[in-house]
$ cat upload-v3.pdb   # PDB, C-alpha atoms, pLDDT in the B column
MODEL        1
ATOM      1  CA  MET A   1      -8.083  14.862 -20.211  1.00 81.00           C
ATOM      2  CA  LEU A   2      -5.497  12.500 -18.759  1.00 88.00           C
ATOM      3  CA  GLN A   3      -5.355  12.089 -14.996  1.00 93.00           C
ATOM      4  CA  ARG A   4      -1.951  11.065 -13.613  1.00 95.00           C
ATOM      5  CA  PHE A   5      -1.660   8.710 -10.634  1.00 97.00           C
ATOM      6  CA  ILE A   6       0.896   6.959  -8.431  1.00 98.00           C
ATOM      7  CA  PHE A   7       0.102   3.870  -6.402  1.00 98.00           C
ATOM      8  CA  ALA A   8       2.503   2.836  -3.616  1.00 98.00           C
ATOM      9  CA  SER A   9       2.021   0.319  -0.839  1.00 98.00           C
ATOM     10  CA  ASP A  10       3.424  -1.520   2.180  1.00 98.00           C
ATOM     11  CA  LEU A  11       5.531   0.967   4.131  1.00 98.00           C
ATOM     12  CA  HIS A  12       5.354  -1.011   7.408  1.00 98.00           C
ATOM     13  CA  GLY A  13       6.242   1.975   9.582  1.00 98.00           C
ATOM     14  CA  ASP A  14       9.673   1.541  11.158  1.00 97.00           C
ATOM     15  CA  GLN A  15      10.444  -1.273   8.692  1.00 97.00           C
ATOM     16  CA  GLN A  16      10.385   1.121   5.731  1.00 98.00           C
ATOM     17  CA  ASP A  17      13.260   1.265   3.256  1.00 98.00           C
ATOM     18  CA  LYS A  18      14.575   4.843   3.196  1.00 97.00           C
ATOM     19  CA  GLY A  19      15.779   4.557  -0.401  1.00 97.00           C
ATOM     20  CA  ALA A  20      12.380   3.381  -1.618  1.00 98.00           C
ATOM     21  CA  VAL A  21      10.573   6.220   0.163  1.00 98.00           C
ATOM     22  CA  LYS A  22      13.054   8.745  -1.237  1.00 98.00           C
ATOM     23  CA  ALA A  23      12.503   7.398  -4.772  1.00 97.00           C
ATOM     24  CA  LEU A  24       8.728   7.714  -4.337  1.00 98.00           C
ATOM     25  CA  LEU A  25       8.987  11.307  -3.129  1.00 98.00           C
ATOM     26  CA  THR A  26      11.330  12.207  -5.993  1.00 96.00           C
ATOM     27  CA  ALA A  27       9.044  10.613  -8.604  1.00 96.00           C
ATOM     28  CA  THR A  28       6.022  12.372  -7.110  1.00 97.00           C
ATOM     29  CA  GLU A  29       7.723  15.753  -7.280  1.00 95.00           C
ATOM     30  CA  SER A  30       8.546  15.393 -10.982  1.00 94.00           C
ATOM     31  CA  PHE A  31       5.433  13.492 -12.114  1.00 94.00           C
ATOM     32  CA  LYS A  32       2.949  15.670 -10.201  1.00 95.00           C
ATOM     33  CA  PRO A  33       0.152  13.089 -10.020  1.00 96.00           C
ATOM     34  CA  HIS A  34      -3.476  14.105  -9.546  1.00 97.00           C
ATOM     35  CA  LEU A  35      -3.988  10.963  -7.439  1.00 98.00           C
ATOM     36  CA  ARG A  36      -1.558   9.660  -4.823  1.00 98.00           C
ATOM     37  CA  ILE A  37      -2.940   6.307  -3.683  1.00 98.00           C
ATOM     38  CA  PHE A  38      -1.401   4.445  -0.758  1.00 98.00           C
ATOM     39  CA  GLY A  39      -2.272   0.767  -0.779  1.00 98.00           C
ATOM     40  CA  GLY A  40      -2.060  -0.041   2.917  1.00 98.00           C
ATOM     41  CA  ASP A  41       0.150  -1.461   5.686  1.00 98.00           C
ATOM     42  CA  LEU A  42       1.163   1.996   6.808  1.00 98.00           C
ATOM     43  CA  ILE A  43       2.404   0.492  10.085  1.00 98.00           C
ATOM     44  CA  ASP A  44       3.889  -2.902  10.926  1.00 96.00           C
ATOM     45  CA  ALA A  45       2.191  -3.411  14.312  1.00 95.00           C
ATOM     46  CA  ARG A  46       4.296  -6.475  15.178  1.00 94.00           C
ATOM     47  CA  PRO A  47       3.209  -6.614  18.843  1.00 93.00           C
ATOM     48  CA  LEU A  48      -0.417  -6.950  17.708  1.00 93.00           C
ATOM     49  CA  ARG A  49       0.272  -9.852  15.367  1.00 88.00           C
ATOM     50  CA  ARG A  50      -1.846 -12.909  16.055  1.00 85.00           C
ATOM     51  CA  GLY A  51       0.493 -15.460  17.569  1.00 81.00           C
ATOM     52  CA  ALA A  52       3.179 -12.880  18.417  1.00 83.00           C
ATOM     53  CA  GLY A  53       5.779 -14.233  20.818  1.00 81.00           C
ATOM     54  CA  ALA A  54       6.707 -12.732  24.190  1.00 85.00           C
ATOM     55  CA  GLU A  55       9.589 -10.753  22.644  1.00 85.00           C
ATOM     56  CA  GLU A  56       7.340  -9.165  20.029  1.00 83.00           C
ATOM     57  CA  ARG A  57       4.579  -8.473  22.551  1.00 85.00           C
ATOM     58  CA  ALA A  58       7.074  -6.587  24.707  1.00 86.00           C
ATOM     59  CA  GLU A  59       8.094  -4.234  21.881  1.00 90.00           C
ATOM     60  CA  SER A  60       7.004  -0.603  21.903  1.00 93.00           C
ATOM     61  CA  MET A  61       5.025   0.529  18.870  1.00 93.00           C
ATOM     62  CA  SER A  62       5.882   4.206  19.322  1.00 95.00           C
ATOM     63  CA  HIS A  63       8.630   4.390  16.654  1.00 97.00           C
ATOM     64  CA  ASP A  64       6.642   2.272  14.211  1.00 97.00           C
ATOM     65  CA  TRP A  65       3.632   4.524  14.783  1.00 96.00           C
ATOM     66  CA  ARG A  66       5.570   7.781  14.378  1.00 97.00           C
ATOM     67  CA  LYS A  67       7.143   6.662  11.096  1.00 98.00           C
ATOM     68  CA  GLY A  68       3.739   5.771   9.677  1.00 98.00           C
ATOM     69  CA  LEU A  69       2.214   9.132  10.591  1.00 98.00           C
ATOM     70  CA  GLU A  70       5.322  10.924   9.321  1.00 98.00           C
ATOM     71  CA  PHE A  71       4.891   9.289   5.903  1.00 98.00           C
ATOM     72  CA  ILE A  72       1.312  10.557   5.663  1.00 98.00           C
ATOM     73  CA  SER A  73       2.504  14.111   6.289  1.00 98.00           C
ATOM     74  CA  LEU A  74       5.388  13.743   3.800  1.00 98.00           C
ATOM     75  CA  TRP A  75       3.620  12.135   0.851  1.00 98.00           C
ATOM     76  CA  LYS A  76       0.112  13.453   1.536  1.00 98.00           C
ATOM     77  CA  PRO A  77      -1.826  10.636  -0.151  1.00 98.00           C
ATOM     78  CA  THR A  78      -5.147  11.618  -1.704  1.00 98.00           C
ATOM     79  CA  HIS A  79      -6.468   8.141  -0.918  1.00 98.00           C
ATOM     80  CA  LEU A  80      -5.409   5.462   1.561  1.00 98.00           C
ATOM     81  CA  LEU A  81      -6.589   1.848   1.629  1.00 98.00           C
ATOM     82  CA  MET A  82      -6.188   0.196   5.008  1.00 98.00           C
ATOM     83  CA  GLY A  83      -4.097  -2.991   4.967  1.00 98.00           C
ATOM     84  CA  ASN A  84      -4.162  -6.116   7.099  1.00 98.00           C
ATOM     85  CA  HIS A  85      -1.396  -4.752   9.377  1.00 97.00           C
ATOM     86  CA  ASP A  86      -3.311  -1.493   9.886  1.00 98.00           C
ATOM     87  CA  GLN A  87      -6.406  -3.550  10.661  1.00 97.00           C
ATOM     88  CA  ARG A  88      -4.663  -4.927  13.751  1.00 97.00           C
ATOM     89  CA  LEU A  89      -5.062  -1.529  15.389  1.00 97.00           C
ATOM     90  CA  TYR A  90      -8.786  -1.429  14.582  1.00 97.00           C
ATOM     91  CA  ASP A  91      -9.218  -4.987  15.874  1.00 97.00           C
ATOM     92  CA  LEU A  92      -7.564  -3.988  19.150  1.00 96.00           C
ATOM     93  CA  ALA A  93      -9.816  -0.917  19.465  1.00 97.00           C
ATOM     94  CA  GLU A  94     -12.884  -3.155  19.108  1.00 96.00           C
ATOM     95  CA  ASP A  95     -11.732  -5.957  21.447  1.00 96.00           C
ATOM     96  CA  ASP A  96     -13.621  -5.586  24.732  1.00 95.00           C
ATOM     97  CA  SER A  97     -11.445  -8.256  26.376  1.00 94.00           C
ATOM     98  CA  LYS A  98      -8.244  -6.181  26.183  1.00 92.00           C
ATOM     99  CA  GLY A  99      -8.983  -3.638  28.915  1.00 95.00           C
ATOM    100  CA  ILE A 100      -6.542  -0.729  28.870  1.00 94.00           C
ATOM    101  CA  GLU A 101      -4.947  -2.048  25.662  1.00 93.00           C
ATOM    102  CA  GLN A 102      -8.284  -1.461  23.954  1.00 96.00           C
ATOM    103  CA  ASP A 103      -8.173   2.156  25.139  1.00 96.00           C
ATOM    104  CA  TYR A 104      -4.771   2.649  23.536  1.00 93.00           C
ATOM    105  CA  GLY A 105      -6.003   1.008  20.341  1.00 95.00           C
ATOM    106  CA  PHE A 106      -8.983   3.366  20.216  1.00 96.00           C
ATOM    107  CA  LYS A 107      -6.705   6.350  20.827  1.00 96.00           C
ATOM    108  CA  GLY A 108      -4.458   5.197  17.987  1.00 96.00           C
ATOM    109  CA  VAL A 109      -7.393   4.895  15.591  1.00 97.00           C
ATOM    110  CA  GLN A 110      -8.526   8.415  16.487  1.00 97.00           C
ATOM    111  CA  GLU A 111      -5.022   9.820  15.968  1.00 97.00           C
ATOM    112  CA  LEU A 112      -4.617   8.087  12.612  1.00 97.00           C
ATOM    113  CA  GLU A 113      -7.956   9.275  11.283  1.00 97.00           C
ATOM    114  CA  ALA A 114      -7.287  12.807  12.552  1.00 97.00           C
ATOM    115  CA  ARG A 115      -3.962  12.881  10.684  1.00 97.00           C
ATOM    116  CA  LEU A 116      -5.637  11.651   7.484  1.00 98.00           C
ATOM    117  CA  GLU A 117      -8.334  14.311   7.831  1.00 98.00           C
ATOM    118  CA  LYS A 118      -5.722  17.026   8.400  1.00 97.00           C
ATOM    119  CA  VAL A 119      -3.865  16.056   5.202  1.00 97.00           C
ATOM    120  CA  GLY A 120      -7.134  15.696   3.272  1.00 98.00           C
ATOM    121  CA  THR A 121      -6.769  11.962   2.661  1.00 98.00           C
ATOM    122  CA  LYS A 122      -9.851   9.891   1.903  1.00 98.00           C
ATOM    123  CA  TRP A 123      -9.549   6.397   3.337  1.00 98.00           C
ATOM    124  CA  LEU A 124     -11.200   3.033   2.812  1.00 98.00           C
ATOM    125  CA  PRO A 125     -11.358   0.108   5.275  1.00 98.00           C
ATOM    126  CA  TYR A 126      -9.599  -3.228   4.881  1.00 98.00           C
ATOM    127  CA  HIS A 127     -12.520  -4.992   3.250  1.00 98.00           C
ATOM    128  CA  LYS A 128     -12.954  -7.164   0.145  1.00 98.00           C
ATOM    129  CA  ARG A 129     -15.798  -4.922  -1.129  1.00 98.00           C
ATOM    130  CA  LYS A 130     -15.600  -1.590   0.701  1.00 98.00           C
ATOM    131  CA  GLY A 131     -11.808  -1.428   0.462  1.00 98.00           C
ATOM    132  CA  VAL A 132     -11.697  -1.145  -3.336  1.00 98.00           C
ATOM    133  CA  PHE A 133     -11.069   2.297  -4.855  1.00 98.00           C
ATOM    134  CA  GLU A 134     -12.293   2.606  -8.451  1.00 97.00           C
ATOM    135  CA  PHE A 135     -11.030   5.338 -10.780  1.00 95.00           C
ATOM    136  CA  GLY A 136     -11.907   5.018 -14.437  1.00 94.00           C
ATOM    137  CA  LYS A 137     -11.704   1.346 -15.408  1.00 93.00           C
ATOM    138  CA  MET A 138      -8.959   0.763 -12.858  1.00 95.00           C
ATOM    139  CA  LYS A 139      -9.283  -0.498  -9.293  1.00 98.00           C
ATOM    140  CA  ALA A 140      -6.823  -0.038  -6.441  1.00 98.00           C
ATOM    141  CA  LEU A 141      -6.828  -2.321  -3.401  1.00 98.00           C
ATOM    142  CA  HIS A 142      -4.513  -3.490  -0.661  1.00 98.00           C
ATOM    143  CA  GLY A 143      -4.653  -7.103  -1.788  1.00 98.00           C
ATOM    144  CA  TYR A 144      -6.451 -10.193  -0.564  1.00 98.00           C
ATOM    145  CA  PHE A 145      -4.448 -13.046  -2.107  1.00 98.00           C
ATOM    146  CA  ALA A 146      -0.834 -14.069  -1.539  1.00 96.00           C
ATOM    147  CA  GLY A 147       1.713 -16.396  -3.117  1.00 94.00           C
ATOM    148  CA  VAL A 148       2.913 -16.914  -6.679  1.00 95.00           C
ATOM    149  CA  ASN A 149      -0.633 -16.912  -8.093  1.00 97.00           C
ATOM    150  CA  ALA A 150      -1.757 -13.709  -6.371  1.00 98.00           C
ATOM    151  CA  ALA A 151      -1.784 -11.586  -9.544  1.00 98.00           C
ATOM    152  CA  ARG A 152      -3.873 -14.159 -11.410  1.00 97.00           C
ATOM    153  CA  GLN A 153      -6.333 -14.465  -8.508  1.00 98.00           C
ATOM    154  CA  HIS A 154      -6.702 -10.686  -8.268  1.00 98.00           C
ATOM    155  CA  ALA A 155      -7.254 -10.425 -12.031  1.00 97.00           C
ATOM    156  CA  LEU A 156      -9.960 -13.113 -11.923  1.00 96.00           C
ATOM    157  CA  CYS A 157     -11.705 -11.522  -8.930  1.00 97.00           C
ATOM    158  CA  TYR A 158     -11.266  -7.780  -9.526  1.00 97.00           C
ATOM    159  CA  GLY A 159     -10.337  -7.422 -13.206  1.00 95.00           C
ATOM    160  CA  GLY A 160      -8.008  -4.525 -14.011  1.00 95.00           C
ATOM    161  CA  CYS A 161      -6.381  -3.551 -10.731  1.00 97.00           C
ATOM    162  CA  ILE A 162      -3.253  -2.564  -8.838  1.00 98.00           C
ATOM    163  CA  PHE A 163      -2.554  -4.144  -5.466  1.00 98.00           C
ATOM    164  CA  GLY A 164       0.043  -4.354  -2.699  1.00 98.00           C
ATOM    165  CA  HIS A 165       0.154  -6.904   0.137  1.00 98.00           C
ATOM    166  CA  THR A 166       2.463  -9.443  -1.545  1.00 98.00           C
ATOM    167  CA  HIS A 167       5.520  -7.117  -1.533  1.00 98.00           C
ATOM    168  CA  SER A 168       6.217  -8.477  -5.028  1.00 98.00           C
ATOM    169  CA  ILE A 169       6.252  -6.965  -8.505  1.00 98.00           C
ATOM    170  CA  ASP A 170       3.975  -9.131 -10.598  1.00 97.00           C
ATOM    171  CA  GLU A 171       1.441  -8.985 -13.419  1.00 97.00           C
ATOM    172  CA  HIS A 172      -1.222 -11.217 -14.905  1.00 97.00           C
ATOM    173  CA  ALA A 173      -3.547 -10.585 -17.861  1.00 96.00           C
ATOM    174  CA  ILE A 174      -6.859 -12.418 -18.277  1.00 94.00           C
ATOM    175  CA  PRO A 175      -7.716 -13.173 -21.938  1.00 92.00           C
ATOM    176  CA  GLY A 176     -10.802 -11.350 -23.192  1.00 88.00           C
ATOM    177  CA  LEU A 177     -12.138  -8.564 -25.354  1.00 86.00           C
ATOM    178  CA  LYS A 178     -11.744  -6.094 -22.498  1.00 82.00           C
ATOM    179  CA  ARG A 179      -8.485  -5.257 -20.768  1.00 80.00           C
ATOM    180  CA  ARG A 180      -8.126  -7.128 -17.456  1.00 89.00           C
ATOM    181  CA  VAL A 181      -4.618  -6.855 -16.050  1.00 95.00           C
ATOM    182  CA  ALA A 182      -3.739  -7.124 -12.364  1.00 97.00           C
ATOM    183  CA  ARG A 183      -0.425  -5.631 -11.286  1.00 97.00           C
ATOM    184  CA  GLY A 184       1.411  -6.189  -7.994  1.00 98.00           C
ATOM    185  CA  ALA A 185       3.190  -2.926  -7.205  1.00 98.00           C
ATOM    186  CA  GLY A 186       6.040  -4.106  -4.970  1.00 98.00           C
ATOM    187  CA  CYS A 187       6.726  -2.481  -1.604  1.00 98.00           C
ATOM    188  CA  LEU A 188       8.344   0.428   0.247  1.00 98.00           C
ATOM    189  CA  CYS A 189       9.577  -1.684   3.178  1.00 98.00           C
ATOM    190  CA  LYS A 190      12.748  -3.653   3.851  1.00 97.00           C
ATOM    191  CA  LEU A 191      13.043  -6.840   1.805  1.00 97.00           C
ATOM    192  CA  ASP A 192      14.707  -8.766   4.624  1.00 95.00           C
ATOM    193  CA  MET A 193      13.061  -8.831   8.042  1.00 90.00           C
ATOM    194  CA  LYS A 194      13.315 -11.144  11.045  1.00 86.00           C
ATOM    195  CA  TRP A 195      10.182 -13.073  10.135  1.00 85.00           C
ATOM    196  CA  ASN A 196      11.277 -13.952   6.578  1.00 88.00           C
ATOM    197  CA  ALA A 197      14.988 -14.694   7.088  1.00 87.00           C
ATOM    198  CA  ARG A 198      14.491 -18.410   6.397  1.00 90.00           C
ATOM    199  CA  MET A 199      11.696 -18.156   3.824  1.00 92.00           C
ATOM    200  CA  PRO A 200      13.153 -18.380   0.283  1.00 94.00           C
ATOM    201  CA  GLY A 201       9.727 -17.620  -1.189  1.00 92.00           C
ATOM    202  CA  THR A 202      10.154 -14.015  -0.020  1.00 94.00           C
ATOM    203  CA  LEU A 203      13.078 -13.605  -2.431  1.00 95.00           C
ATOM    204  CA  ARG A 204      10.292 -12.486  -4.811  1.00 96.00           C
ATOM    205  CA  HIS A 205       9.882  -9.323  -2.755  1.00 97.00           C
ATOM    206  CA  ALA A 206      10.966  -6.146  -4.524  1.00 98.00           C
ATOM    207  CA  HIS A 207      10.904  -2.395  -4.058  1.00 98.00           C
ATOM    208  CA  GLY A 208       8.545  -0.622  -6.413  1.00 98.00           C
ATOM    209  CA  PHE A 209       5.464   1.468  -7.079  1.00 98.00           C
ATOM    210  CA  VAL A 210       3.191   2.103 -10.071  1.00 98.00           C
ATOM    211  CA  MET A 211       2.775   5.278 -12.130  1.00 97.00           C
ATOM    212  CA  GLY A 212       0.160   5.820 -14.799  1.00 95.00           C
ATOM    213  CA  VAL A 213      -2.610   7.799 -16.439  1.00 94.00           C
ATOM    214  CA  ILE A 214      -6.378   7.478 -16.716  1.00 94.00           C
ATOM    215  CA  ASN A 215      -8.359   8.859 -19.642  1.00 92.00           C
ATOM    216  CA  GLU A 216     -11.139  10.696 -17.806  1.00 90.00           C
ATOM    217  CA  LYS A 217     -13.423  10.500 -20.848  1.00 91.00           C
ATOM    218  CA  THR A 218     -13.172   6.770 -21.604  1.00 92.00           C
ATOM    219  CA  GLY A 219     -11.891   5.450 -18.274  1.00 92.00           C
ATOM    220  CA  ASN A 220      -9.104   3.553 -20.040  1.00 91.00           C
ATOM    221  CA  TYR A 221      -5.756   3.463 -18.280  1.00 90.00           C
ATOM    222  CA  TRP A 222      -2.052   2.948 -18.832  1.00 90.00           C
ATOM    223  CA  SER A 223       0.430   2.080 -16.114  1.00 92.00           C
ATOM    224  CA  MET A 224       4.171   1.595 -15.769  1.00 93.00           C
ATOM    225  CA  GLN A 225       6.237  -0.013 -13.041  1.00 96.00           C
ATOM    226  CA  ALA A 226       8.870   1.970 -11.165  1.00 97.00           C
ATOM    227  CA  GLU A 227      11.328  -0.396  -9.523  1.00 97.00           C
ATOM    228  CA  GLU A 228      14.736  -0.756  -7.951  1.00 97.00           C
ATOM    229  CA  ILE A 229      17.233  -2.791  -9.977  1.00 94.00           C
ATOM    230  CA  ASP A 230      20.779  -3.413  -8.706  1.00 93.00           C
ATOM    231  CA  GLY A 231      20.418  -0.578  -6.227  1.00 93.00           C
ATOM    232  CA  LYS A 232      19.293   1.907  -8.898  1.00 95.00           C
ATOM    233  CA  TRP A 233      15.753   3.128  -9.514  1.00 96.00           C
ATOM    234  CA  VAL A 234      14.140   2.937 -12.954  1.00 94.00           C
ATOM    235  CA  ILE A 235      11.333   5.510 -12.998  1.00 92.00           C
ATOM    236  CA  PRO A 236       9.204   6.550 -16.008  1.00 85.00           C
ATOM    237  CA  GLU A 237       9.453  10.314 -15.584  1.00 72.00           C
ATOM    238  CA  LYS A 238       7.457  11.444 -18.621  1.00 67.00           C
ATOM    239  CA  LEU A 239       4.423   9.978 -20.322  1.00 65.00           C
ATOM    240  CA  LYS A 240       3.802  10.956 -23.923  1.00 60.00           C
ATOM    241  CA  VAL A 241       0.479  10.065 -25.518  1.00 58.00           C
ATOM    242  CA  ILE A 242       0.257  10.435 -29.319  1.00 52.00           C
TER     243      ILE A 242
ENDMDL
END
$ encode --input "upload-v3.pdb" --output "structure tokens"
Amino acid sequence: MLQRFIFASDLHGDQQDKGAVKALLTATESFKPHLRIFGGDLIDARPLRRGAGAEERAESMSHDWRKGLEFISLWKPTHLLMGNHDQRLYDLAEDDSKGIEQDYGFKGVQELEARLEKVGTKWLPYHKRKGVFEFGKMKALHGYFAGVNAARQHALCYGGCIFGHTHSIDEHAIPGLKRRVARGAGCLCKLDMKWNARMPGTLRHAHGFVMGVINEKTGNYWSMQAEEIDGKWVIPEKLKVI
């Protein structure tokens, strides 16, 4: 039996791209995946960024937070992998030096986990070992490397995998008798934000998500990139195995 899946990542709450989210929801409706895996960075959490300036620290997170929770209710992921931006909330909840801010962080963690439980989403922490979801011979993770060599580094470390984090669509295959391909899925968030306006390296960022199938008997997998090109979405709607 073939098990269908979709992997999408990097919503960043109020920084999400509405067109990308709409494309994901449309593809999900037609593809009807057994697994809907969200790869992390559900929220942006700018005010909690290490080294955030006074302007960022003064921002409210309420809209960012609401948009993240709204996405969970809309897409209903079967699995969610916490990302480094989501981890900021957990770090705040565990920081005894933050006083009342710690209380709000703890409340946020409770609300997030309650929403995931209500939808029936299983979640994994942002962790190099514990944050890896294995299904068949495929692994899904938020991502722990960045830059132009991220796909190669993920392939060397994790083998066959799909990851987010870099906001880029990328792929690298490691030579060998067994299939070891790491694929960067792209993102669901805006490509241009305040922080990257003067960083030409972020021109690699692209909207996208991954669709595929797993052979439940052998564990072998096949995946295809869905991506936005010139404002239009290219989505593999049907998979035919012969």
$ residues_around --input "upload-v3.pdb" --residues "Glu228 in chain A" --least-positions-apart "2" --cutoff "12 Å" --atoms "only C-alpha atoms" --output "JSON, numbers by chain"
{"A": [17, 19, 20, 21, 22, 23, 24, 168, 169, 185, 186, 187, 188, 191, 205, 206, 207, 208, 209, 225, 226, 230, 231, 232, 233, 234, 235]}
$ residues_around --input "upload-v3.pdb" --residues "Ile162 in chain A" --least-positions-apart "6" --cutoff "12 Å" --atoms "only C-alpha atoms" --output "short mmCIF file (atom, residue, chain, number, x, y, z; two decimals) with C-alpha atoms, in the frame of the given file"
data_model
loop_
_atom_site.label_atom_id
_atom_site.label_comp_id
_atom_site.auth_asym_id
_atom_site.auth_seq_id
_atom_site.Cartn_x
_atom_site.Cartn_y
_atom_site.Cartn_z
CA PHE A 5 -1.66 8.71 -10.63
CA ILE A 6 0.90 6.96 -8.43
CA PHE A 7 0.10 3.87 -6.40
CA ALA A 8 2.50 2.84 -3.62
CA SER A 9 2.02 0.32 -0.84
CA ILE A 37 -2.94 6.31 -3.68
CA PHE A 38 -1.40 4.44 -0.76
CA GLY A 39 -2.27 0.77 -0.78
CA LEU A 81 -6.59 1.85 1.63
CA VAL A 132 -11.70 -1.14 -3.34
CA PHE A 133 -11.07 2.30 -4.86
CA GLU A 134 -12.29 2.61 -8.45
CA PHE A 135 -11.03 5.34 -10.78
CA LYS A 137 -11.70 1.35 -15.41
CA MET A 138 -8.96 0.76 -12.86
CA LYS A 139 -9.28 -0.50 -9.29
CA ALA A 140 -6.82 -0.04 -6.44
CA LEU A 141 -6.83 -2.32 -3.40
CA HIS A 142 -4.51 -3.49 -0.66
CA GLY A 143 -4.65 -7.10 -1.79
CA TYR A 144 -6.45 -10.19 -0.56
CA ALA A 150 -1.76 -13.71 -6.37
CA ALA A 151 -1.78 -11.59 -9.54
CA ARG A 152 -3.87 -14.16 -11.41
CA HIS A 154 -6.70 -10.69 -8.27
CA ALA A 155 -7.25 -10.42 -12.03
CA SER A 168 6.22 -8.48 -5.03
CA ILE A 169 6.25 -6.96 -8.51
CA ASP A 170 3.98 -9.13 -10.60
CA GLU A 171 1.44 -8.98 -13.42
CA HIS A 172 -1.22 -11.22 -14.90
CA ARG A 180 -8.13 -7.13 -17.46
CA VAL A 181 -4.62 -6.86 -16.05
CA ALA A 182 -3.74 -7.12 -12.36
CA ARG A 183 -0.42 -5.63 -11.29
CA GLY A 184 1.41 -6.19 -7.99
CA ALA A 185 3.19 -2.93 -7.20
CA GLY A 186 6.04 -4.11 -4.97
CA PHE A 209 5.46 1.47 -7.08
CA VAL A 210 3.19 2.10 -10.07
CA MET A 211 2.78 5.28 -12.13
CA GLY A 212 0.16 5.82 -14.80
CA TYR A 221 -5.76 3.46 -18.28
CA TRP A 222 -2.05 2.95 -18.83
CA SER A 223 0.43 2.08 -16.11
CA MET A 224 4.17 1.60 -15.77
CA GLN A 225 6.24 -0.01 -13.04
#
$ resolve_selection --input "upload-v3.pdb" --expression "the PyMOL selection byres ((chain A and resi 121) around 7)" --output "PyMOL selection string"
chain A and resi 77-80+116-117+119-120+122-123
$ atom_distance --input "upload-v3.pdb" --atom1 "CA of Ile214 in chain A" --atom2 "CA of Arg179 in chain A"
13.5 Å
$ resolve_selection --input "upload-v3.pdb" --expression "the PyMOL selection byres ((chain A and resi 12) around 8)" --output "PyMOL selection string"
chain A and resi 10-11+13-16+41-45+64+68+85+188-189
$ atom_distance --input "upload-v3.pdb" --atom1 "CA of Gln87 in chain A" --atom2 "CA of Thr202 in chain A"
22.3 Å
$ closest_residue --input "upload-v3.pdb" --among "A:Asp96, A:Glu59, A:Asp86, A:Glu70" --to "Leu124 in chain A" --atoms "all atoms listed in the file"
A:Asp86
$ closest_residue --input "upload-v3.pdb" --among "A:Arg129, A:Arg88, A:Lys194, A:Lys18" --to "Val109 in chain A" --atoms "all atoms listed in the file"
A:Arg88
$ resolve_selection --input "upload-v3.pdb" --expression "the PyMOL selection byres ((chain A and resi 91) around 12)" --output "VMD selection string"
chain A and resid 45 48 to 50 84 to 90 92 to 98 101 to 106 108 to 109 125 to 126
$ atom_distance --input "upload-v3.pdb" --atom1 "CA of Lys190 in chain A" --atom2 "CA of Arg66 in chain A"
17.1 Å
$ decode --input "upload-v3.pdb" --residues "range 63-79 of chain A" --atoms "C-alpha atoms" --output "compact mmCIF listing (two decimals), in the first residue's frame"
# COMPACT_ATOMS: atom_id res chain seq x y z
CA HIS A 63 -1.50 38.72 15.71
CA ASP A 64 1.51 36.51 15.01
CA TRP A 65 0.23 34.04 17.61
CA ARG A 66 -3.35 34.00 16.31
CA LYS A 67 -2.24 33.35 12.72
CA GLY A 68 -0.12 30.41 13.82
CA LEU A 69 -2.94 28.80 15.79
CA GLU A 70 -5.37 29.51 12.95
CA PHE A 71 -3.14 27.58 10.54
CA ILE A 72 -3.18 24.53 12.82
CA SER A 73 -6.98 24.54 12.81
CA LEU A 74 -7.11 25.05 9.01
CA TRP A 75 -4.57 22.49 7.83
CA LYS A 76 -4.83 20.07 10.77
CA PRO A 77 -1.32 18.62 10.54
CA THR A 78 -0.95 15.01 11.64
CA HIS A 79 2.58 15.79 12.81
